[in-house]
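The next block is final.tsv, given as TSV, C-alpha atoms.
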```
chain	number	residue	atom	x	y	z
A	283	MET	CA	30.39	0.72	45.52
A	284	ALA	CA	33.81	0.00	44.23
A	285	ARG	CA	35.30	2.11	41.49
A	286	VAL	CA	35.02	0.46	38.08
A	287	LEU	CA	36.69	1.21	34.76
A	288	ILE	CA	35.16	-0.24	31.60
A	289	ASN	CA	36.63	0.45	28.20
A	290	LEU	CA	34.69	-0.48	25.06
A	291	PRO	CA	33.83	1.39	21.88
A	292	SER	CA	30.50	3.27	22.01
A	293	ARG	CA	29.94	2.61	18.29
A	294	ALA	CA	30.89	-0.37	16.15
A	295	LYS	CA	30.14	-1.82	12.72
A	296	ARG	CA	27.91	-4.90	12.65
A	297	GLY	CA	30.08	-7.99	12.89
A	298	GLU	CA	33.13	-6.07	14.10
A	299	ILE	CA	35.20	-7.82	16.77
A	300	ILE	CA	35.65	-5.41	19.68
A	301	GLU	CA	37.86	-5.58	22.75
A	302	ILE	CA	36.36	-4.94	26.19
A	303	LYS	CA	38.66	-4.03	29.07
A	304	THR	CA	37.42	-4.01	32.66
A	305	LEU	CA	38.92	-3.17	36.04
A	306	ILE	CA	37.34	-3.00	39.49
A	307	ALA	CA	38.94	-1.58	42.65
A	308	HIS	CA	39.26	-4.47	45.11
A	309	PRO	CA	42.07	-5.66	47.45
A	310	MET	CA	41.66	-9.36	46.44
A	311	GLU	CA	42.75	-10.41	49.95
A	312	THR	CA	44.21	-13.88	49.46
A	313	GLY	CA	43.54	-15.40	52.89
A	314	TYR	CA	47.23	-16.35	53.06
A	315	ARG	CA	48.48	-13.19	54.76
A	316	LEU	CA	48.81	-12.51	58.50
A	317	ASP	CA	48.07	-9.24	60.24
A	318	SER	CA	50.43	-7.52	62.73
A	319	THR	CA	49.17	-9.76	65.58
A	320	GLY	CA	49.88	-12.94	63.61
A	321	ALA	CA	46.24	-13.71	62.90
A	322	ALA	CA	45.29	-14.78	59.38
A	323	ILE	CA	43.53	-12.06	57.39
A	324	PRO	CA	40.34	-13.67	56.06
A	325	ARG	CA	40.03	-14.28	52.33
A	326	ASP	CA	37.97	-11.66	50.50
A	327	ILE	CA	38.13	-11.74	46.73
A	328	ILE	CA	35.98	-11.14	43.67
A	329	ASN	CA	35.40	-14.74	42.60
A	330	ARG	CA	33.13	-14.26	39.60
A	331	PHE	CA	32.81	-11.85	36.70
A	332	VAL	CA	30.08	-12.09	34.07
A	333	CYS	CA	29.32	-10.04	30.94
A	334	VAL	CA	25.84	-10.20	29.40
A	335	TYR	CA	25.12	-8.62	25.98
A	336	ASN	CA	21.40	-7.95	25.36
A	337	GLY	CA	20.43	-10.85	27.61
A	338	ASP	CA	23.01	-13.36	26.33
A	339	GLU	CA	26.00	-14.28	28.48
A	340	ILE	CA	29.08	-13.69	26.32
A	341	PHE	CA	31.89	-14.07	28.86
A	342	ARG	CA	32.39	-15.43	32.36
A	343	ALA	CA	35.45	-15.62	34.61
A	344	GLU	CA	36.03	-17.64	37.75
A	345	LEU	CA	38.77	-15.98	39.80
A	346	PHE	CA	41.05	-17.32	42.53
A	347	PRO	CA	43.35	-15.53	45.03
A	348	ALA	CA	46.19	-15.58	42.47
A	349	ILE	CA	44.45	-12.78	40.57
A	350	ALA	CA	46.16	-9.46	41.39
A	351	ALA	CA	44.45	-6.71	43.40
A	352	ASN	CA	42.08	-4.51	41.37
A	353	PRO	CA	41.26	-7.34	38.98
A	354	PHE	CA	41.75	-6.46	35.33
A	355	ILE	CA	40.10	-8.60	32.65
A	356	ALA	CA	40.18	-7.96	28.91
A	357	PHE	CA	38.33	-10.03	26.32
A	358	PHE	CA	36.68	-9.81	22.90
A	359	THR	CA	33.17	-10.04	21.52
A	360	THR	CA	31.41	-9.57	18.19
A	361	ALA	CA	29.28	-6.44	17.91
A	362	THR	CA	25.98	-8.00	16.80
A	363	GLU	CA	23.34	-5.35	17.54
A	364	SER	CA	22.79	-2.10	19.40
A	365	GLY	CA	21.89	-2.44	23.02
A	366	GLU	CA	23.44	-2.82	26.42
A	367	LEU	CA	26.24	-4.78	28.00
A	368	VAL	CA	25.81	-5.64	31.66
A	369	PHE	CA	28.95	-6.31	33.68
A	370	SER	CA	28.77	-7.89	37.13
A	371	TRP	CA	31.37	-8.76	39.74
A	372	THR	CA	30.56	-10.99	42.73
A	373	ASP	CA	32.66	-11.22	45.89
A	374	ASP	CA	33.12	-13.88	48.60
A	375	HIS	CA	30.23	-12.37	50.61
A	376	GLY	CA	27.89	-12.93	47.68
A	377	GLN	CA	27.58	-9.21	46.97
A	378	THR	CA	27.35	-8.26	43.32
A	379	GLN	CA	28.20	-4.96	41.70
A	380	THR	CA	26.64	-4.33	38.31
A	381	GLU	CA	27.49	-1.76	35.64
A	382	VAL	CA	25.76	-1.15	32.32
A	383	ARG	CA	27.23	0.29	29.13
A	384	GLN	CA	25.48	1.07	25.84
A	385	ILE	CA	26.76	0.22	22.40
A	386	THR	CA	25.49	1.43	19.04
A	387	VAL	CA	25.97	-1.01	16.16
A	388	GLU	CA	25.56	0.31	12.62
B	255	MET	CA	55.99	-7.23	57.88
B	256	GLY	CA	58.62	-9.56	56.55
B	257	PHE	CA	58.70	-13.02	55.13
B	258	ALA	CA	56.99	-14.43	58.24
B	259	SER	CA	53.69	-12.92	57.08
B	260	PHE	CA	53.36	-15.65	54.46
B	261	ILE	CA	51.92	-18.96	55.62
B	262	PRO	CA	54.56	-21.34	54.28
B	263	GLU	CA	52.79	-24.70	54.34
B	264	ALA	CA	50.14	-23.51	51.91
B	265	THR	CA	52.18	-23.91	48.73
B	266	ALA	CA	51.04	-25.62	45.57
B	267	THR	CA	53.47	-28.15	44.23
B	268	GLU	CA	53.98	-29.79	40.86
B	269	ALA	CA	51.72	-32.60	42.07
B	270	ALA	CA	48.98	-30.20	43.23
B	271	MET	CA	49.12	-28.43	39.87
B	272	ALA	CA	48.89	-31.74	38.01
B	273	GLU	CA	45.91	-32.72	40.16
B	274	ALA	CA	44.17	-29.39	39.53
B	275	ILE	CA	44.75	-29.75	35.78
B	276	ARG	CA	43.40	-33.31	35.90
B	277	GLY	CA	40.34	-31.97	37.73
B	278	ALA	CA	39.73	-29.49	34.91
B	279	ILE	CA	40.33	-31.74	31.90
B	280	GLY	CA	39.32	-35.15	33.28
B	281	GLU	CA	40.75	-38.11	31.40
B	282	SER	CA	41.19	-36.14	28.18
B	283	GLU	CA	44.57	-35.97	26.50
B	284	LEU	CA	46.41	-32.65	26.79
B	285	GLN	CA	48.06	-31.61	23.53
B	286	HIS	CA	50.70	-28.94	23.02
B	287	GLY	CA	50.01	-26.22	20.49
B	288	LYS	CA	47.28	-23.80	19.37
B	289	VAL	CA	47.55	-21.93	22.70
B	290	LYS	CA	49.93	-19.02	23.20
B	291	LEU	CA	50.60	-17.87	26.78
B	292	GLU	CA	52.35	-14.53	27.08
B	293	LEU	CA	54.03	-13.52	30.33
B	294	PRO	CA	57.19	-11.50	30.89
B	295	PRO	CA	60.12	-13.96	31.35
B	296	ILE	CA	61.50	-11.88	34.23
B	297	VAL	CA	59.11	-10.25	36.69
B	298	GLU	CA	60.29	-7.57	39.10
B	299	ASN	CA	57.08	-7.47	41.12
B	300	GLY	CA	55.14	-10.70	41.60
B	301	ASN	CA	52.13	-8.81	42.97
B	302	THR	CA	50.96	-7.85	39.52
B	303	VAL	CA	52.05	-9.75	36.44
B	304	SER	CA	50.39	-9.16	33.06
B	305	LEU	CA	49.22	-12.33	31.37
B	306	THR	CA	47.62	-12.86	27.95
B	307	VAL	CA	46.34	-16.13	26.52
B	308	SER	CA	45.42	-16.41	22.86
B	309	VAL	CA	44.22	-19.50	21.02
B	310	GLU	CA	44.35	-20.21	17.28
B	311	SER	CA	40.72	-20.78	16.40
B	312	PRO	CA	38.30	-19.66	13.67
B	313	MET	CA	35.74	-19.01	16.47
B	314	THR	CA	32.80	-20.29	14.44
B	315	GLU	CA	29.75	-22.11	15.79
B	316	ALA	CA	31.32	-25.42	14.72
B	317	ASP	CA	34.88	-24.76	15.86
B	318	HIS	CA	35.58	-22.42	18.76
B	319	VAL	CA	37.22	-22.12	22.15
B	320	GLU	CA	34.84	-22.90	25.01
B	321	SER	CA	37.08	-22.13	27.98
B	322	ILE	CA	40.59	-21.14	29.03
B	323	HIS	CA	42.14	-22.22	32.33
B	324	ILE	CA	45.28	-20.85	34.02
B	325	PHE	CA	47.37	-22.80	36.53
B	326	ASN	CA	50.57	-22.16	38.46
B	327	GLN	CA	53.13	-24.34	40.18
B	328	LYS	CA	54.16	-22.62	43.42
B	329	ASN	CA	51.48	-20.22	44.66
B	330	PRO	CA	49.47	-21.43	47.69
B	331	ARG	CA	46.81	-22.71	45.28
B	332	PRO	CA	47.37	-24.05	41.77
B	333	TYR	CA	44.24	-22.58	40.12
B	334	VAL	CA	44.56	-18.99	38.93
B	335	ALA	CA	41.47	-18.38	36.79
B	336	ALA	CA	38.99	-19.94	34.40
B	337	PHE	CA	37.39	-18.04	31.52
B	338	GLU	CA	34.33	-19.15	29.57
B	339	LEU	CA	33.89	-17.75	26.12
B	340	GLY	CA	32.14	-18.95	22.98
B	341	SER	CA	31.93	-18.45	19.23
B	342	ARG	CA	30.57	-14.91	19.74
B	343	ALA	CA	33.90	-13.82	21.20
B	344	GLY	CA	35.20	-13.59	17.62
B	345	LYS	CA	38.74	-13.72	18.90
B	346	ALA	CA	39.99	-16.19	21.52
B	347	ARG	CA	42.19	-13.85	23.50
B	348	VAL	CA	41.96	-12.99	27.22
B	349	SER	CA	44.20	-10.79	29.36
B	350	THR	CA	44.44	-10.35	33.13
B	351	ARG	CA	46.98	-9.64	35.88
B	352	ILE	CA	48.09	-12.32	38.31
B	353	ARG	CA	50.21	-12.84	41.45
B	354	LEU	CA	53.28	-15.05	41.50
B	355	ALA	CA	54.67	-16.11	44.89
B	356	ASP	CA	57.93	-17.44	43.42
B	357	SER	CA	59.79	-18.16	40.21
B	358	GLN	CA	57.73	-20.89	38.59
B	359	ARG	CA	55.95	-22.36	35.61
B	360	VAL	CA	52.56	-21.02	34.53
B	361	VAL	CA	50.29	-23.20	32.38
B	362	ALA	CA	47.36	-22.19	30.14
B	363	ILE	CA	44.89	-24.78	28.87
B	364	ALA	CA	42.14	-24.24	26.29
B	365	ARG	CA	39.09	-26.44	25.83
B	366	LEU	CA	37.85	-26.45	22.24
B	367	SER	CA	34.28	-27.09	21.08
B	368	ASP	CA	35.30	-30.56	19.81
B	369	GLY	CA	36.23	-31.50	23.39
B	370	SER	CA	40.01	-31.43	22.84
B	371	PHE	CA	42.42	-29.70	25.25
B	372	TRP	CA	45.48	-27.71	24.20
B	373	SER	CA	48.14	-26.08	26.34
B	374	ASP	CA	51.16	-23.81	26.56
B	375	SER	CA	53.45	-23.03	29.49
B	376	VAL	CA	55.93	-20.30	30.40
B	377	ASP	CA	58.70	-20.35	33.02
B	378	VAL	CA	58.83	-17.05	34.88
B	379	ILE	CA	61.60	-15.69	37.11
B	380	VAL	CA	60.21	-13.52	39.92
B	381	THR	CA	62.61	-11.18	41.76
B	382	LEU	CA	60.08	-9.73	44.26
B	383	ALA	CA	57.52	-12.38	45.20
B	384	ALA	CA	53.86	-11.67	45.91
B	385	CYS	CA	52.52	-12.42	49.42
B	386	THR	CA	55.88	-11.97	51.16
B	387	GLU	CA	55.56	-8.25	51.79
B	388	GLN	CA	52.65	-6.19	53.06
```

Before we go any further, please render this structure as structure tokens.
Amino acid sequence: MARVLINLPSRAKRGEIIEIKTLIAHPMETGYRLDSTGAAIPRDIINRFVCVYNGDEIFRAELFPAIAANPFIAFFTTATESGELVFSWTDDHGQTQTEVRQITVE
Amino acid sequence: MGFASFIPEATATEAAMAEAIRGAIGESELQHGKVKLELPPIVENGNTVSLTVSVESPMTEADHVESIHIFNQKNPRPYVAAFELGSRAGKARVSTRIRLADSQRVVAIARLSDGSFWSDSVDVIVTLAACTEQ
């Protein structure tokens, strides 16, 4: 499991626009580099990031090798109701890492 | 590892970028305005460059930003990222960090809910390129 940082407020007013910042530890190997023997290092990147808020997809990113290592993505959403936000990152091998955060909306 | 570690033939060109943009927007007209792309004008390290795109939009059900696409001119591939948002975002603003293999132009394109496309571009000078060092 890669290390993940997710920054969002734990409490928000109903209708408040909140910023969500995410970062996952990953080399984002581009596939364009060569190793010390001259062989190409195979591409291995996180190619998809999705955020789901109480069952509704609120944000999705498609990523290419031009995204820097340890991909950082920040975006906004409207705090509509208390519940959970599910964050998932999927890599080139089809493996997905999922993290859940709670939010209380008053 | 020196400059030889970068595979030189795999470089996006102006034409490849134009083709990638065409692939994303189809036959639609690309208009300038509404979008603001923020990147530092001079980058010391191309391996990690902060980028923010914001779009002027009320973000209502009737009028909002559906997606934001980022392209570059001289990396091995022209597509950098695509972000899908919607009226619930409240604010059409996305930030990330990208790699730049050379001094070049970066383009951001937003697709609005009425089907129109808007863009902004920034020319960036890179002193230490990504990909060229290990």

Sorted by chain and rising residue number, list the residues of chain A at most 6 Å from chain B (counting only C-alpha atoms), each with its closest atom pair and distance in Å to one decimal, as JSON lines.
```
{"residue": "A:Ile299", "atom": "CA", "partner": "B:Gly344", "partner_atom": "CA", "distance": 5.8}
{"residue": "A:Tyr314", "atom": "CA", "partner": "B:Ile261", "partner_atom": "CA", "distance": 5.9}
{"residue": "A:Arg315", "atom": "CA", "partner": "B:Phe260", "partner_atom": "CA", "distance": 5.5}
{"residue": "A:Leu316", "atom": "CA", "partner": "B:Ser259", "partner_atom": "CA", "distance": 5.1}
{"residue": "A:Phe341", "atom": "CA", "partner": "B:Leu339", "partner_atom": "CA", "distance": 5.0}
{"residue": "A:Arg342", "atom": "CA", "partner": "B:Glu338", "partner_atom": "CA", "distance": 5.0}
{"residue": "A:Ala343", "atom": "CA", "partner": "B:Phe337", "partner_atom": "CA", "distance": 4.4}
{"residue": "A:Glu344", "atom": "CA", "partner": "B:Ala336", "partner_atom": "CA", "distance": 5.0}
{"residue": "A:Leu345", "atom": "CA", "partner": "B:Ala335", "partner_atom": "CA", "distance": 4.7}
{"residue": "A:Phe346", "atom": "CA", "partner": "B:Val334", "partner_atom": "CA", "distance": 5.3}
{"residue": "A:Ala348", "atom": "CA", "partner": "B:Arg353", "partner_atom": "CA", "distance": 5.0}
{"residue": "A:Ile349", "atom": "CA", "partner": "B:Ile352", "partner_atom": "CA", "distance": 4.3}
{"residue": "A:Ala350", "atom": "CA", "partner": "B:Ile352", "partner_atom": "CA", "distance": 4.6}
{"residue": "A:Phe354", "atom": "CA", "partner": "B:Thr350", "partner_atom": "CA", "distance": 5.2}
{"residue": "A:Ile355", "atom": "CA", "partner": "B:Thr350", "partner_atom": "CA", "distance": 4.7}
{"residue": "A:Ala356", "atom": "CA", "partner": "B:Ser349", "partner_atom": "CA", "distance": 4.9}
{"residue": "A:Phe357", "atom": "CA", "partner": "B:Val348", "partner_atom": "CA", "distance": 4.8}
{"residue": "A:Phe358", "atom": "CA", "partner": "B:Ala343", "partner_atom": "CA", "distance": 5.2}
{"residue": "A:Thr359", "atom": "CA", "partner": "B:Ala343", "partner_atom": "CA", "distance": 3.9}
{"residue": "A:Thr360", "atom": "CA", "partner": "B:Gly344", "partner_atom": "CA", "distance": 5.6}
```

Fewer than 3 positions away in the same chain doesn't count, so skip those; otherwise give me all residues within 10 Å of Asp338 (chain A), counting only C-alpha atoms, as a PDB file with C-alpha atoms, keeping the file's coordinate frame.
```pdb
ATOM      1  CA  CYS A 333      29.320 -10.040  30.940  1.00  0.00           C
ATOM      2  CA  VAL A 334      25.840 -10.200  29.400  1.00  0.00           C
ATOM      3  CA  TYR A 335      25.120  -8.620  25.980  1.00  0.00           C
ATOM      4  CA  PHE A 341      31.890 -14.070  28.860  1.00  0.00           C
ATOM      5  CA  LEU A 367      26.240  -4.780  28.000  1.00  0.00           C
ATOM      6  CA  VAL A 368      25.810  -5.640  31.660  1.00  0.00           C
TER       7      VAL A 368
END
```

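Nearest to Val376 (chain B) of all the residues B:Lys290, B:His318, B:Arg276, B:Lys328 is B:Lys290, based on all atoms listed in the file.
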
Among listed residues A:Glu381, A:Ala361, A:Asp373, A:Ala321, nearest Pro291 (chain A) (using all atoms listed in the file):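 Once distances to Pro291 (chain A) are computed over all atoms listed in the file, the minimum belongs to A:Ala361.
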
CA of Leu291 (chain B) to CA of Asp326 (chain A) measures 27.6 Å

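Nearest-residue note for Lys303 (chain A): choosing from A:Glu388, A:Gln377, A:Phe369, A:Gly320, the minimum distance belongs to A:Phe369, counting all atoms listed in the file.
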
Interatomic distance between CA of Ala316 (chain B) and CA of Leu366 (chain B)?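 Interatomic distance, CA of Ala316 (chain B) to CA of Leu366 (chain B): 10.0 Å.
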
Please work out which residues fall within 6 Å of (43.6, -33.8, 25.3), coordinates as given in the file, with all atoms listed in the file counting, and return them as a PyMOL selection string. chain B and resi 282-285+370-371

Enter the distance from CA of Glu310 (chain B) to CA of Gly287 (chain B), in Å, rounded to one decimal.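 Spanning CA of Glu310 (chain B) to CA of Gly287 (chain B) is a straight-line distance of 8.9 Å.
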
Find the residues near Gln358 (chain B): any atom within 6 Å, counting only C-alpha atoms, skip ones fewer than 4 places away on the same chain, and give them as a PyMOL selection string. chain B and resi 327+377-378

Counting only C-alpha atoms, which residues sit no farther than 9 Å from the position (26.1, 4.7, 27.7) in the file's frame? I'd like them as a short mmCIF file (atom, residue, chain, number, x, y, z; two decimals) with C-alpha atoms, in the coordinates of the input.
```
data_model
loop_
_atom_site.label_atom_id
_atom_site.label_comp_id
_atom_site.auth_asym_id
_atom_site.auth_seq_id
_atom_site.Cartn_x
_atom_site.Cartn_y
_atom_site.Cartn_z
CA SER A 292 30.50 3.27 22.01
CA GLU A 366 23.44 -2.82 26.42
CA VAL A 382 25.76 -1.15 32.32
CA ARG A 383 27.23 0.29 29.13
CA GLN A 384 25.48 1.07 25.84
CA ILE A 385 26.76 0.22 22.40
#
```

Within 7 Å of Leu287 (chain A), counting only C-alpha atoms, which residues qualify if same-chain residues fewer than 5 places away don't, as number ranges by chain? A: 304-306

N, CA and C atoms for region 331-350 of chain B, written as an mmCIF file, in the frame of the given file, could you do that?
```cif
data_model
loop_
_atom_site.group_PDB
_atom_site.id
_atom_site.type_symbol
_atom_site.label_atom_id
_atom_site.label_comp_id
_atom_site.auth_asym_id
_atom_site.auth_seq_id
_atom_site.Cartn_x
_atom_site.Cartn_y
_atom_site.Cartn_z
ATOM 1 N N ARG B 331 47.782 -21.865 45.979
ATOM 2 C CA ARG B 331 46.810 -22.710 45.280
ATOM 3 C C ARG B 331 47.145 -22.755 43.795
ATOM 4 N N PRO B 332 46.938 -23.926 43.169
ATOM 5 C CA PRO B 332 47.370 -24.050 41.770
ATOM 6 C C PRO B 332 46.459 -23.379 40.743
ATOM 7 N N TYR B 333 45.175 -23.161 41.088
ATOM 8 C CA TYR B 333 44.240 -22.580 40.120
ATOM 9 C C TYR B 333 44.350 -21.062 40.147
ATOM 10 N N VAL B 334 44.461 -20.442 39.007
ATOM 11 C CA VAL B 334 44.560 -18.990 38.930
ATOM 12 C C VAL B 334 43.239 -18.381 38.447
ATOM 13 N N ALA B 335 42.707 -18.915 37.347
ATOM 14 C CA ALA B 335 41.470 -18.380 36.790
ATOM 15 C C ALA B 335 40.933 -19.322 35.723
ATOM 16 N N ALA B 336 39.629 -19.220 35.492
ATOM 17 C CA ALA B 336 38.990 -19.940 34.400
ATOM 18 C C ALA B 336 38.101 -18.941 33.660
ATOM 19 N N PHE B 337 38.182 -18.949 32.339
ATOM 20 C CA PHE B 337 37.390 -18.040 31.520
ATOM 21 C C PHE B 337 36.523 -18.843 30.570
ATOM 22 N N GLU B 338 35.235 -18.492 30.513
ATOM 23 C CA GLU B 338 34.330 -19.150 29.570
ATOM 24 C C GLU B 338 33.995 -18.166 28.465
ATOM 25 N N LEU B 339 34.269 -18.578 27.246
ATOM 26 C CA LEU B 339 33.890 -17.750 26.120
ATOM 27 C C LEU B 339 33.068 -18.605 25.167
ATOM 28 N N GLY B 340 32.931 -18.174 23.936
ATOM 29 C CA GLY B 340 32.140 -18.950 22.980
ATOM 30 C C GLY B 340 32.401 -18.378 21.606
ATOM 31 N N SER B 341 31.660 -18.876 20.605
ATOM 32 C CA SER B 341 31.930 -18.450 19.230
ATOM 33 C C SER B 341 31.712 -16.944 19.059
ATOM 34 N N ARG B 342 30.847 -16.353 19.876
ATOM 35 C CA ARG B 342 30.570 -14.910 19.740
ATOM 36 C C ARG B 342 31.752 -14.036 20.115
ATOM 37 N N ALA B 343 32.726 -14.612 20.807
ATOM 38 C CA ALA B 343 33.900 -13.820 21.200
ATOM 39 C C ALA B 343 34.627 -13.299 19.965
ATOM 40 N N GLY B 344 34.538 -14.037 18.843
ATOM 41 C CA GLY B 344 35.200 -13.590 17.620
ATOM 42 C C GLY B 344 36.689 -13.837 17.631
ATOM 43 N N LYS B 345 37.304 -13.541 18.751
ATOM 44 C CA LYS B 345 38.740 -13.720 18.900
ATOM 45 C C LYS B 345 38.992 -14.369 20.259
ATOM 46 N N ALA B 346 39.735 -15.481 20.262
ATOM 47 C CA ALA B 346 39.990 -16.190 21.520
ATOM 48 C C ALA B 346 41.243 -15.614 22.163
ATOM 49 N N ARG B 347 41.058 -14.522 22.873
ATOM 50 C CA ARG B 347 42.190 -13.850 23.500
ATOM 51 C C ARG B 347 41.697 -13.202 24.795
ATOM 52 N N VAL B 348 42.346 -13.527 25.912
ATOM 53 C CA VAL B 348 41.960 -12.990 27.220
ATOM 54 C C VAL B 348 43.203 -12.493 27.932
ATOM 55 N N SER B 349 43.088 -11.330 28.577
ATOM 56 C CA SER B 349 44.200 -10.790 29.360
ATOM 57 C C SER B 349 43.769 -10.534 30.788
ATOM 58 N N THR B 350 44.703 -10.705 31.740
ATOM 59 C CA THR B 350 44.440 -10.350 33.130
ATOM 60 C C THR B 350 45.787 -10.068 33.798
#
```
